[in-house]
$ cat work.cif   # mmCIF, C-alpha atoms
data_query
loop_
_atom_site.label_atom_id
_atom_site.label_comp_id
_atom_site.auth_asym_id
_atom_site.auth_seq_id
_atom_site.Cartn_x
_atom_site.Cartn_y
_atom_site.Cartn_z
CA MET A 1 -34.66 -10.89 68.50
CA ILE A 2 -33.87 -7.29 67.57
CA LEU A 3 -32.67 -4.98 70.31
CA LYS A 4 -33.46 -1.29 70.17
CA TYR A 5 -31.06 1.52 71.05
CA ARG A 6 -31.37 4.82 72.91
CA LYS A 7 -29.10 7.81 73.41
CA LEU A 8 -27.19 7.79 76.73
CA GLY A 9 -27.60 11.45 77.59
CA LYS A 10 -24.66 13.79 77.06
CA THR A 11 -22.35 10.90 76.23
CA ASN A 12 -24.12 10.62 72.85
CA TYR A 13 -23.48 6.87 72.95
CA ASN A 14 -26.21 4.80 71.31
CA VAL A 15 -26.70 2.00 73.82
CA SER A 16 -28.92 -1.05 73.83
CA GLU A 17 -32.04 -0.29 75.86
CA ILE A 18 -31.57 -3.67 77.53
CA SER A 19 -27.95 -3.83 78.61
CA ILE A 20 -26.19 -5.88 81.29
CA GLY A 21 -25.07 -5.36 84.85
CA CYS A 22 -21.91 -7.29 85.67
CA TRP A 23 -22.16 -7.63 89.45
CA GLN A 24 -22.92 -11.35 89.11
CA LEU A 25 -20.47 -11.92 86.28
CA GLY A 26 -18.90 -15.37 86.43
CA GLY A 27 -20.49 -16.17 89.78
CA LYS A 28 -23.25 -15.12 92.10
CA TRP A 29 -23.24 -13.73 95.64
CA GLY A 30 -20.20 -15.36 97.14
CA THR A 31 -19.64 -18.18 94.64
CA PRO A 32 -16.19 -18.40 92.98
CA PHE A 33 -15.53 -16.49 89.77
CA ASP A 34 -15.91 -18.74 86.72
CA GLU A 35 -14.17 -17.42 83.62
CA GLU A 36 -15.98 -19.79 81.25
CA ILE A 37 -19.40 -18.66 82.50
CA ALA A 38 -18.29 -15.03 82.34
CA TYR A 39 -17.18 -15.37 78.72
CA LYS A 40 -20.38 -17.16 77.68
CA THR A 41 -22.56 -14.57 79.43
CA LEU A 42 -20.84 -11.56 77.86
CA ASN A 43 -20.61 -13.24 74.46
CA THR A 44 -24.32 -14.04 74.47
CA ALA A 45 -24.98 -10.40 75.36
CA SER A 46 -22.83 -8.90 72.60
CA SER A 47 -23.96 -11.48 70.04
CA ASN A 48 -27.54 -10.36 70.63
CA GLY A 49 -26.81 -6.67 70.26
CA ILE A 50 -26.08 -5.62 73.85
CA ASN A 51 -23.32 -3.00 73.69
CA PHE A 52 -23.25 -1.53 77.21
CA PHE A 53 -21.71 -3.30 80.22
CA ASP A 54 -21.93 -1.86 83.73
CA THR A 55 -19.35 -2.98 86.27
CA ALA A 56 -17.45 -1.65 89.32
CA ASP A 57 -14.11 -1.99 91.05
CA VAL A 58 -15.71 -3.83 93.98
CA TYR A 59 -17.49 -6.49 91.90
CA LYS A 60 -15.64 -9.72 92.55
CA GLU A 61 -12.73 -7.66 93.96
CA GLY A 62 -11.98 -6.18 90.54
CA GLN A 63 -12.37 -9.42 88.56
CA SER A 64 -15.55 -8.19 86.86
CA GLU A 65 -13.71 -5.11 85.57
CA LYS A 66 -10.75 -7.19 84.45
CA TYR A 67 -12.93 -9.62 82.57
CA CYS A 68 -15.03 -6.93 80.88
CA GLY A 69 -11.81 -5.31 79.70
CA LYS A 70 -10.40 -8.62 78.52
CA TYR A 71 -13.61 -9.54 76.70
CA ILE A 72 -13.91 -6.33 74.66
CA LYS A 73 -10.39 -6.85 73.38
CA SER A 74 -11.38 -10.29 72.07
CA ILE A 75 -14.08 -8.97 69.72
CA GLU A 76 -14.31 -6.34 67.00
CA LYS A 77 -17.66 -4.85 68.02
CA GLN A 78 -17.81 -1.59 69.94
CA ILE A 79 -18.81 -2.14 73.54
CA PHE A 80 -19.16 0.72 76.02
CA ILE A 81 -18.08 -0.06 79.58
CA ALA A 82 -19.32 1.94 82.53
CA THR A 83 -17.57 1.35 85.81
CA LYS A 84 -17.74 2.81 89.31
CA CYS A 85 -15.52 3.85 92.18
CA GLY A 86 -15.77 4.94 95.79
CA ARG A 87 -17.07 1.88 97.60
CA ARG A 88 -13.55 0.67 98.36
CA LEU A 89 -13.36 3.41 100.97
CA ASN A 90 -13.36 2.01 104.50
CA PRO A 91 -15.01 3.73 106.22
CA HIS A 92 -17.16 4.90 103.33
CA THR A 93 -17.47 8.57 104.28
CA SER A 94 -17.57 11.85 102.40
CA LYS A 95 -14.06 12.72 103.61
CA GLY A 96 -12.72 9.86 101.51
CA TYR A 97 -13.88 11.54 98.31
CA ASN A 98 -10.72 13.59 98.00
CA GLU A 99 -8.39 14.10 95.04
CA LYS A 100 -5.80 11.55 96.14
CA ASN A 101 -8.34 8.76 96.55
CA ILE A 102 -10.40 9.54 93.46
CA ARG A 103 -7.30 9.64 91.26
CA LYS A 104 -6.07 6.35 92.73
CA PHE A 105 -9.43 4.69 92.16
CA ILE A 106 -9.62 5.83 88.53
CA ASP A 107 -6.05 4.73 87.85
CA ASP A 108 -6.96 1.33 89.27
CA ASN A 109 -10.12 1.18 87.11
CA ILE A 110 -7.99 1.85 84.03
CA LYS A 111 -5.44 -0.78 85.07
CA ASN A 112 -8.08 -3.42 85.80
CA MET A 113 -9.77 -2.96 82.42
CA ASN A 114 -6.48 -2.41 80.56
CA VAL A 115 -7.85 0.60 78.69
CA GLU A 116 -6.41 4.02 77.91
CA LYS A 117 -9.59 5.91 78.75
CA ILE A 118 -12.79 5.05 80.65
CA ASP A 119 -16.02 5.44 78.67
CA LEU A 120 -18.03 6.30 81.78
CA ILE A 121 -16.94 6.48 85.42
CA GLN A 122 -19.60 6.72 88.11
CA LEU A 123 -19.28 7.60 91.78
CA HIS A 124 -20.64 4.50 93.48
CA CYS A 125 -23.55 5.58 95.72
CA PRO A 126 -21.52 8.13 97.68
CA PRO A 127 -22.80 9.52 101.00
CA THR A 128 -25.40 12.27 100.59
CA GLU A 129 -22.88 14.89 101.79
CA VAL A 130 -20.79 14.36 98.63
CA TYR A 131 -23.54 15.95 96.50
CA TYR A 132 -22.92 19.18 98.43
CA MET A 133 -19.17 19.12 97.74
CA PRO A 134 -18.56 20.85 94.39
CA GLU A 135 -14.84 20.20 94.78
CA VAL A 136 -15.49 16.48 94.16
CA PHE A 137 -17.04 17.21 90.77
CA LYS A 138 -14.26 19.66 89.97
CA ILE A 139 -11.75 16.83 90.49
CA LEU A 140 -13.70 14.74 87.97
CA ASP A 141 -13.76 17.70 85.56
CA ASN A 142 -9.98 17.92 85.75
CA ILE A 143 -9.46 14.19 85.21
CA LYS A 144 -11.82 14.37 82.21
CA ASP A 145 -9.81 17.25 80.77
CA GLU A 146 -6.66 15.15 81.18
CA GLY A 147 -8.19 12.45 78.98
CA LYS A 148 -8.46 9.59 81.47
CA ILE A 149 -12.25 9.55 81.41
CA GLN A 150 -14.63 10.27 78.56
CA ASN A 151 -17.71 10.91 80.72
CA TYR A 152 -18.74 10.79 84.35
CA GLY A 153 -21.93 10.25 86.31
CA VAL A 154 -23.24 9.11 89.66
CA SER A 155 -24.99 6.01 90.92
CA VAL A 156 -27.49 7.16 93.54
CA GLU A 157 -29.73 5.71 96.23
CA LYS A 158 -32.29 8.51 96.46
CA VAL A 159 -34.22 10.76 94.10
CA GLU A 160 -33.03 13.78 96.08
CA GLU A 161 -29.41 12.79 95.41
CA ALA A 162 -30.15 12.43 91.70
CA LEU A 163 -31.70 15.88 91.52
CA LYS A 164 -28.73 17.39 93.34
CA ALA A 165 -26.17 15.58 91.16
CA ILE A 166 -27.59 16.88 87.88
CA GLU A 167 -27.00 20.46 89.05
CA PHE A 168 -23.33 19.86 88.20
CA PRO A 169 -23.00 20.65 84.47
CA ASN A 170 -20.66 17.83 83.47
CA VAL A 171 -22.65 15.01 85.06
CA SER A 172 -23.68 12.95 82.03
CA THR A 173 -25.59 10.06 83.61
CA ILE A 174 -27.48 8.99 86.69
CA GLN A 175 -27.82 5.37 87.67
CA ILE A 176 -30.88 4.80 89.83
CA ILE A 177 -33.21 2.05 91.08
CA PHE A 178 -36.46 2.16 89.14
CA ASN A 179 -38.98 -0.63 88.72
CA ILE A 180 -42.64 -1.49 89.30
CA PHE A 181 -41.92 -1.48 93.05
CA ARG A 182 -39.91 1.79 93.00
CA GLN A 183 -41.86 4.29 90.94
CA ARG A 184 -40.95 7.61 92.58
CA PRO A 185 -38.17 8.61 90.12
CA SER A 186 -40.78 9.05 87.37
CA GLU A 187 -42.58 11.83 89.24
CA ILE A 188 -40.07 14.71 89.11
CA PHE A 189 -36.60 13.39 88.36
CA PHE A 190 -37.30 12.05 84.86
CA LYS A 191 -38.63 15.41 83.69
CA GLU A 192 -35.64 17.30 85.09
CA ALA A 193 -33.20 14.77 83.64
CA LYS A 194 -34.71 15.15 80.16
CA LYS A 195 -34.36 18.93 80.38
CA LYS A 196 -30.64 18.57 81.08
CA LYS A 197 -30.01 15.73 78.63
CA ILE A 198 -29.04 13.29 81.40
CA GLY A 199 -28.72 9.61 80.55
CA ILE A 200 -30.68 7.44 82.98
CA ILE A 201 -29.34 3.96 83.70
CA VAL A 202 -31.80 1.76 85.57
CA ARG A 203 -30.46 -0.77 88.04
CA VAL A 204 -32.26 -3.39 90.20
CA PRO A 205 -35.04 -3.47 87.57
CA LEU A 206 -36.41 -6.79 88.81
CA ALA A 207 -36.29 -5.95 92.54
CA SER A 208 -33.58 -8.56 93.25
CA GLY A 209 -35.56 -11.20 91.39
CA LEU A 210 -38.93 -10.59 93.03
CA LEU A 211 -40.34 -9.32 89.74
CA THR A 212 -39.41 -12.48 87.87
CA GLY A 213 -42.41 -14.09 89.56
CA LYS A 214 -40.37 -17.19 90.36
CA PHE A 215 -40.19 -16.80 94.16
CA ASN A 216 -42.69 -18.05 96.70
CA GLN A 217 -43.08 -18.43 100.48
CA ASN A 218 -40.79 -21.48 100.44
CA THR A 219 -37.94 -19.82 98.52
CA THR A 220 -34.70 -19.79 100.52
CA PHE A 221 -31.45 -17.92 99.94
CA ASP A 222 -27.86 -18.83 100.79
CA ASP A 223 -26.14 -17.22 103.78
CA GLY A 224 -23.88 -15.24 101.42
CA ASP A 225 -26.82 -13.85 99.45
CA HIS A 226 -27.82 -10.24 100.25
CA ARG A 227 -31.45 -11.29 99.84
CA LYS A 228 -31.01 -13.16 103.10
CA PHE A 229 -28.63 -10.99 105.13
CA ASN A 230 -29.51 -7.46 103.96
CA ARG A 231 -33.30 -7.34 104.14
CA ASN A 232 -33.08 -4.80 106.94
CA GLY A 233 -30.01 -2.98 105.61
CA ALA A 234 -27.44 -4.76 107.79
CA ALA A 235 -24.68 -4.55 105.15
CA PHE A 236 -25.69 -1.71 102.81
CA ASP A 237 -28.72 0.37 101.87
CA ARG A 238 -31.89 -1.66 102.38
CA GLY A 239 -33.29 -0.32 99.14
CA GLU A 240 -30.78 -2.39 97.17
CA THR A 241 -32.44 -5.61 98.39
CA PHE A 242 -35.89 -6.32 96.93
CA SER A 243 -35.97 -2.53 96.29
CA GLY A 244 -36.74 -2.09 99.98
CA VAL A 245 -40.00 -4.03 99.71
CA ASP A 246 -41.03 -6.52 102.39
CA PHE A 247 -40.57 -9.96 100.80
CA ASN A 248 -44.00 -11.36 101.71
CA LYS A 249 -45.80 -8.19 100.70
CA GLY A 250 -43.88 -8.27 97.43
CA LEU A 251 -45.04 -11.83 96.74
CA LYS A 252 -48.67 -10.74 97.09
CA ALA A 253 -48.12 -7.84 94.70
CA VAL A 254 -46.42 -10.13 92.19
CA GLU A 255 -49.47 -12.42 92.10
CA GLU A 256 -51.59 -9.40 91.16
CA LEU A 257 -49.09 -8.44 88.45
CA LYS A 258 -49.13 -11.94 87.00
CA LYS A 259 -52.89 -11.68 86.60
CA ILE A 260 -52.49 -8.53 84.46
CA PHE A 261 -50.30 -10.41 81.96
CA GLY A 262 -52.20 -13.70 81.88
CA TYR A 263 -50.03 -15.56 84.42
CA PRO A 264 -46.79 -15.82 82.39
CA GLU A 265 -44.20 -18.35 83.53
CA ASN A 266 -41.62 -15.56 83.57
CA LEU A 267 -42.77 -12.08 84.59
CA ALA A 268 -39.34 -10.49 84.03
CA PRO A 269 -39.74 -9.41 80.37
CA TYR A 270 -43.02 -7.66 81.23
CA ALA A 271 -41.49 -5.94 84.24
CA LEU A 272 -38.63 -4.71 82.05
CA ARG A 273 -41.04 -3.63 79.30
CA TRP A 274 -42.87 -1.50 81.86
CA ILE A 275 -39.60 0.39 82.51
CA LEU A 276 -39.08 0.91 78.78
CA MET A 277 -42.43 2.70 78.58
CA PHE A 278 -40.66 5.76 80.04
CA ASP A 279 -38.81 7.62 77.31
CA ALA A 280 -36.49 9.34 79.81
CA ILE A 281 -34.77 5.99 80.33
CA SER A 282 -31.59 5.34 78.35
CA CYS A 283 -30.99 1.72 79.32
CA ILE A 284 -31.69 -0.99 81.87
CA ILE A 285 -28.88 -3.08 83.36
CA PRO A 286 -30.37 -6.31 84.75
CA GLY A 287 -27.73 -8.61 86.20
CA ALA A 288 -27.03 -11.97 84.61
CA SER A 289 -25.06 -14.85 86.06
CA ARG A 290 -25.59 -17.05 82.99
CA ASP A 291 -26.45 -16.65 79.33
CA SER A 292 -30.08 -17.76 79.70
CA HIS A 293 -30.70 -14.72 81.91
CA VAL A 294 -29.34 -12.45 79.18
CA LEU A 295 -31.71 -13.91 76.60
CA SER A 296 -34.69 -13.72 78.94
CA ASN A 297 -34.04 -10.08 79.73
CA ALA A 298 -33.46 -9.11 76.11
CA GLN A 299 -36.95 -10.38 75.20
CA ALA A 300 -38.37 -7.20 76.72
CA SER A 301 -37.09 -5.16 73.78
CA ASP A 302 -39.23 -7.29 71.45
CA LEU A 303 -42.46 -7.02 73.42
CA PRO A 304 -45.15 -4.60 72.20
CA PRO A 305 -45.82 -1.51 74.31
CA LEU A 306 -48.02 -2.07 77.32
CA SER A 307 -51.59 -0.82 77.01
CA ASN A 308 -53.00 2.08 78.99
CA ASP A 309 -55.16 -0.42 80.85
CA GLN A 310 -52.12 -2.52 81.81
CA MET A 311 -50.22 0.57 82.95
CA ASP A 312 -53.18 1.70 85.07
CA LYS A 313 -53.53 -1.73 86.68
CA ILE A 314 -49.81 -1.83 87.51
CA LYS A 315 -50.12 1.57 89.15
CA ASP A 316 -53.06 0.27 91.19
CA VAL A 317 -50.99 -2.70 92.42
CA TYR A 318 -48.17 -0.35 93.42
CA GLU A 319 -50.50 1.94 95.32
CA LYS A 320 -52.28 -0.94 97.06
CA TYR A 321 -49.28 -3.00 98.17
CA ILE A 322 -46.06 -1.00 97.91
CA LYS A 323 -46.30 2.78 97.87
CA LYS A 324 -47.06 3.42 101.54
CA SER A 325 -43.97 1.59 102.84
CA VAL A 326 -41.45 2.51 100.12
CA HIS A 327 -42.29 5.64 98.16
CA GLN A 328 -40.94 8.40 100.42
CA LEU A 329 -37.85 6.54 101.60
CA TRP A 330 -35.86 6.69 98.38
#
$ encode --input "work.cif" --output "structure tokens"
Amino acid sequence: MILKYRKLGKTNYNVSEISIGCWQLGGKWGTPFDEEIAYKTLNTASSNGINFFDTADVYKEGQSEKYCGKYIKSIEKQIFIATKCGRRLNPHTSKGYNEKNIRKFIDDNIKNMNVEKIDLIQLHCPPTEVYYMPEVFKILDNIKDEGKIQNYGVSVEKVEEALKAIEFPNVSTIQIIFNIFRQRPSEIFFKEAKKKKIGIIVRVPLASGLLTGKFNQNTTFDDGDHRKFNRNGAAFDRGETFSGVDFNKGLKAVEELKKIFGYPENLAPYALRWILMFDAISCIIPGASRDSHVLSNAQASDLPPLSNDQMDKIKDVYEKYIKKSVHQLW
């Protein structure tokens, strides 16, 4: 397996087009952190050419950050770590995005990862009002000038937020949900991002597992799993769970997608390969709670490009099952 690399916008980092999201690192949705699993997962990733880890201060109460930092010190390869801040605010409001809090968060990020400088810090899905507060981005400019961060970006919920964020000249990256069930970013945002040399990091690429093709009507989820408790946005933005798609409607769409690819046992590599067809994308960060997930996801980089016919059929499935209920919301 040979991974391919793409430029991450203004950072100029060459990152693996299939990278790894570390939300599930060493555990999954409420299960205890397991250091042995975490090590094996990250080691499988780096051993297969993955050189970009995405984490956050709220993942496993900082344990994900700590372990990413510990891991990169145990190997000689260069690994870029992107982390996030802001979601520790309670309440999570725009007023909390002030200089005192942002500086404290970034100092804590640095401490957790035990690094001198952060490769990429991202505001973690801040309230929409923050995108209309230039003073927030000026704070980040100052911290960058001081040498604590190398680059900064924003993780967003909505296309409108992404378009607003890239108006600030030192925003290097945008992290956004994009997958077969969430196609709107490709309409306007990708073109504008390319003009401004913005790195696009794709999260939730498999729609919380729906696009693996392994779920059915009888699939159940644990009480601590957001795929059970957040389907209607009870805990956080509904679009983070199944990409905002109704579970049963998503299952019907997945059956149509399977048909396009000859009913594969695992749809995930094809769903990821679809994302890679867009050259505006820098990298995809599917989550992995064990090493087998890493290997499965990385297969997408080896797949041949999808045909025009396959792309057209996928678009038809989206328009038939998904677009009406999802497209304009995010």
$ closest_residue --input "work.cif" --among "A:Pro304, A:Gly224, A:Gly9, A:Gly21" --to "A:Val204" --atoms "all atoms listed in the file"
A:Gly21
$ resolve_selection --input "work.cif" --expression "the PyMOL selection byres ((chain A and resi 81) around 10)" --output "ChimeraX atom specification"
/A:51-56,65,68-69,72,78-80,82-83,113,118-121
$ residues_near_point --input "work.cif" --point "(-22.0, -10.7, 85.1)" --cutoff "7 Å" --atoms "only C-alpha atoms" --output "list in words"
Gly21, Cys22, Trp23, Gln24, Leu25, Gly26, Ala38, Thr41, Gly287, Ala288 and Ser289 of chain A
$ atom_distance --input "work.cif" --atom1 "atom CA of A:Ile180" --atom2 "atom CA of A:Ala234"
24.2 Å
$ atom_distance --input "work.cif" --atom1 "atom CA of A:Ile201" --atom2 "atom CA of A:Lys111"
24.4 Å
$ closest_residue --input "work.cif" --among "A:Asp316, A:Glu167, A:Asp107, A:Glu61" --to "A:Lys197" --atoms "only C-alpha atoms"
A:Glu167
$ atom_distance --input "work.cif" --atom1 "atom CA of A:Glu319" --atom2 "atom CA of A:Pro264"
22.3 Å
$ closest_residue --input "work.cif" --among "A:His124, A:Lys60, A:Lys148, A:Lys100" --to "A:Pro32" --atoms "only C-alpha atoms"
A:Lys60
$ closest_residue --input "work.cif" --among "A:Asn179, A:Ile198, A:Asn230, A:Lys158" --to "A:Tyr270" --atoms "all atoms listed in the file"
A:Asn179
$ closest_residue --input "work.cif" --among "A:Leu272, A:Met277, A:Ile314, A:Ala253" --to "A:Gln299" --atoms "only C-alpha atoms"
A:Leu272
$ resolve_selection --input "work.cif" --expression "the PyMOL selection byres ((chain A and resi 326) around 9)" --output "list in words"
Phe181, Arg182, Gly239, Ser243, Gly244, Val245, Ile322, Lys323, Lys324, Ser325, His327, Gln328, Leu329 and Trp330 of chain A
$ residues_near_point --input "work.cif" --point "(-18.5, 13.8, 94.0)" --cutoff "8 Å" --atoms "all atoms listed in the file" --output "VMD selection string"
chain A and resid 97 123 126 130 to 131 133 to 137 140 154
$ closest_residue --input "work.cif" --among "A:Arg88, A:Lys10, A:His293, A:Lys95" --to "A:Lys196" --atoms "all atoms listed in the file"
A:Lys10
$ resolve_selection --input "work.cif" --expression "the PyMOL selection byres ((chain A and resi 105) around 10)" --output "number ranges by chain"
A: 57, 84-89, 99-104, 106-111
$ residues_around --input "work.cif" --residues "A:Met1" --least-positions-apart "4" --cutoff "9 Å" --atoms "all atoms listed in the file" --output "ChimeraX atom specification"
/A:48,298-299,301-302
$ build_atoms --input "work.cif" --residues "stretch 102-132 of chain A" --atoms "N, CA and C atoms" --output "tab-separated table (two decimals), in the coordinates of the input"
chain	number	residue	atom	x	y	z
A	102	ILE	N	-9.68	9.65	94.73
A	102	ILE	CA	-10.40	9.54	93.46
A	102	ILE	C	-9.44	9.24	92.32
A	103	ARG	N	-8.29	9.91	92.31
A	103	ARG	CA	-7.30	9.64	91.26
A	103	ARG	C	-6.78	8.21	91.34
A	104	LYS	N	-6.55	7.73	92.56
A	104	LYS	CA	-6.07	6.35	92.73
A	104	LYS	C	-7.11	5.36	92.24
A	105	PHE	N	-8.37	5.59	92.59
A	105	PHE	CA	-9.43	4.69	92.16
A	105	PHE	C	-9.51	4.64	90.63
A	106	ILE	N	-9.48	5.79	89.99
A	106	ILE	CA	-9.62	5.83	88.53
A	106	ILE	C	-8.41	5.19	87.85
A	107	ASP	N	-7.23	5.41	88.39
A	107	ASP	CA	-6.05	4.73	87.85
A	107	ASP	C	-6.19	3.21	87.97
A	108	ASP	N	-6.75	2.77	89.07
A	108	ASP	CA	-6.96	1.33	89.27
A	108	ASP	C	-8.03	0.79	88.32
A	109	ASN	N	-9.10	1.58	88.09
A	109	ASN	CA	-10.12	1.18	87.11
A	109	ASN	C	-9.48	0.96	85.73
A	110	ILE	N	-8.66	1.92	85.33
A	110	ILE	CA	-7.99	1.85	84.03
A	110	ILE	C	-7.08	0.63	83.95
A	111	LYS	N	-6.35	0.38	85.03
A	111	LYS	CA	-5.44	-0.78	85.07
A	111	LYS	C	-6.23	-2.09	85.01
A	112	ASN	N	-7.29	-2.19	85.78
A	112	ASN	CA	-8.08	-3.42	85.80
A	112	ASN	C	-8.64	-3.75	84.42
A	113	MET	N	-9.14	-2.73	83.72
A	113	MET	CA	-9.77	-2.96	82.42
A	113	MET	C	-8.77	-2.93	81.27
A	114	ASN	N	-7.53	-2.50	81.57
A	114	ASN	CA	-6.48	-2.41	80.56
A	114	ASN	C	-6.93	-1.55	79.38
A	115	VAL	N	-7.42	-0.35	79.72
A	115	VAL	CA	-7.85	0.60	78.69
A	115	VAL	C	-7.07	1.91	78.87
A	116	GLU	N	-7.08	2.72	77.82
A	116	GLU	CA	-6.41	4.02	77.91
A	116	GLU	C	-7.32	5.07	78.52
A	117	LYS	N	-8.62	4.92	78.30
A	117	LYS	CA	-9.59	5.91	78.75
A	117	LYS	C	-10.88	5.19	79.13
A	118	ILE	N	-11.54	5.66	80.18
A	118	ILE	CA	-12.79	5.05	80.65
A	118	ILE	C	-13.97	5.71	79.94
A	119	ASP	N	-14.85	4.90	79.37
A	119	ASP	CA	-16.02	5.44	78.67
A	119	ASP	C	-16.91	6.24	79.62
A	120	LEU	N	-17.17	5.65	80.80
A	120	LEU	CA	-18.03	6.30	81.78
A	120	LEU	C	-17.64	5.84	83.18
A	121	ILE	N	-17.22	6.79	84.01
A	121	ILE	CA	-16.94	6.48	85.42
A	121	ILE	C	-18.09	7.05	86.25
A	122	GLN	N	-18.51	6.27	87.25
A	122	GLN	CA	-19.60	6.72	88.11
A	122	GLN	C	-19.17	6.66	89.58
A	123	LEU	N	-19.44	7.70	90.33
A	123	LEU	CA	-19.28	7.60	91.78
A	123	LEU	C	-20.31	6.59	92.27
A	124	HIS	N	-19.86	5.68	93.14
A	124	HIS	CA	-20.64	4.50	93.48
A	124	HIS	C	-21.46	4.71	94.76
A	125	CYS	N	-22.64	5.31	94.59
A	125	CYS	CA	-23.55	5.58	95.72
A	125	CYS	C	-22.82	6.26	96.87
A	126	PRO	N	-22.24	7.43	96.62
A	126	PRO	CA	-21.52	8.13	97.68
A	126	PRO	C	-22.48	8.63	98.76
A	127	PRO	N	-21.95	8.94	99.95
A	127	PRO	CA	-22.80	9.52	101.00
A	127	PRO	C	-23.47	10.80	100.51
A	128	THR	N	-24.63	11.10	101.04
A	128	THR	CA	-25.40	12.27	100.59
A	128	THR	C	-24.57	13.55	100.66
A	129	GLU	N	-23.68	13.67	101.64
A	129	GLU	CA	-22.88	14.89	101.79
A	129	GLU	C	-22.04	15.20	100.55
A	130	VAL	N	-21.65	14.17	99.80
A	130	VAL	CA	-20.79	14.36	98.63
A	130	VAL	C	-21.48	15.24	97.57
A	131	TYR	N	-22.80	15.16	97.50
A	131	TYR	CA	-23.54	15.95	96.50
A	131	TYR	C	-23.51	17.45	96.82
A	132	TYR	N	-23.04	17.78	98.01
A	132	TYR	CA	-22.92	19.18	98.43
A	132	TYR	C	-21.45	19.60	98.49
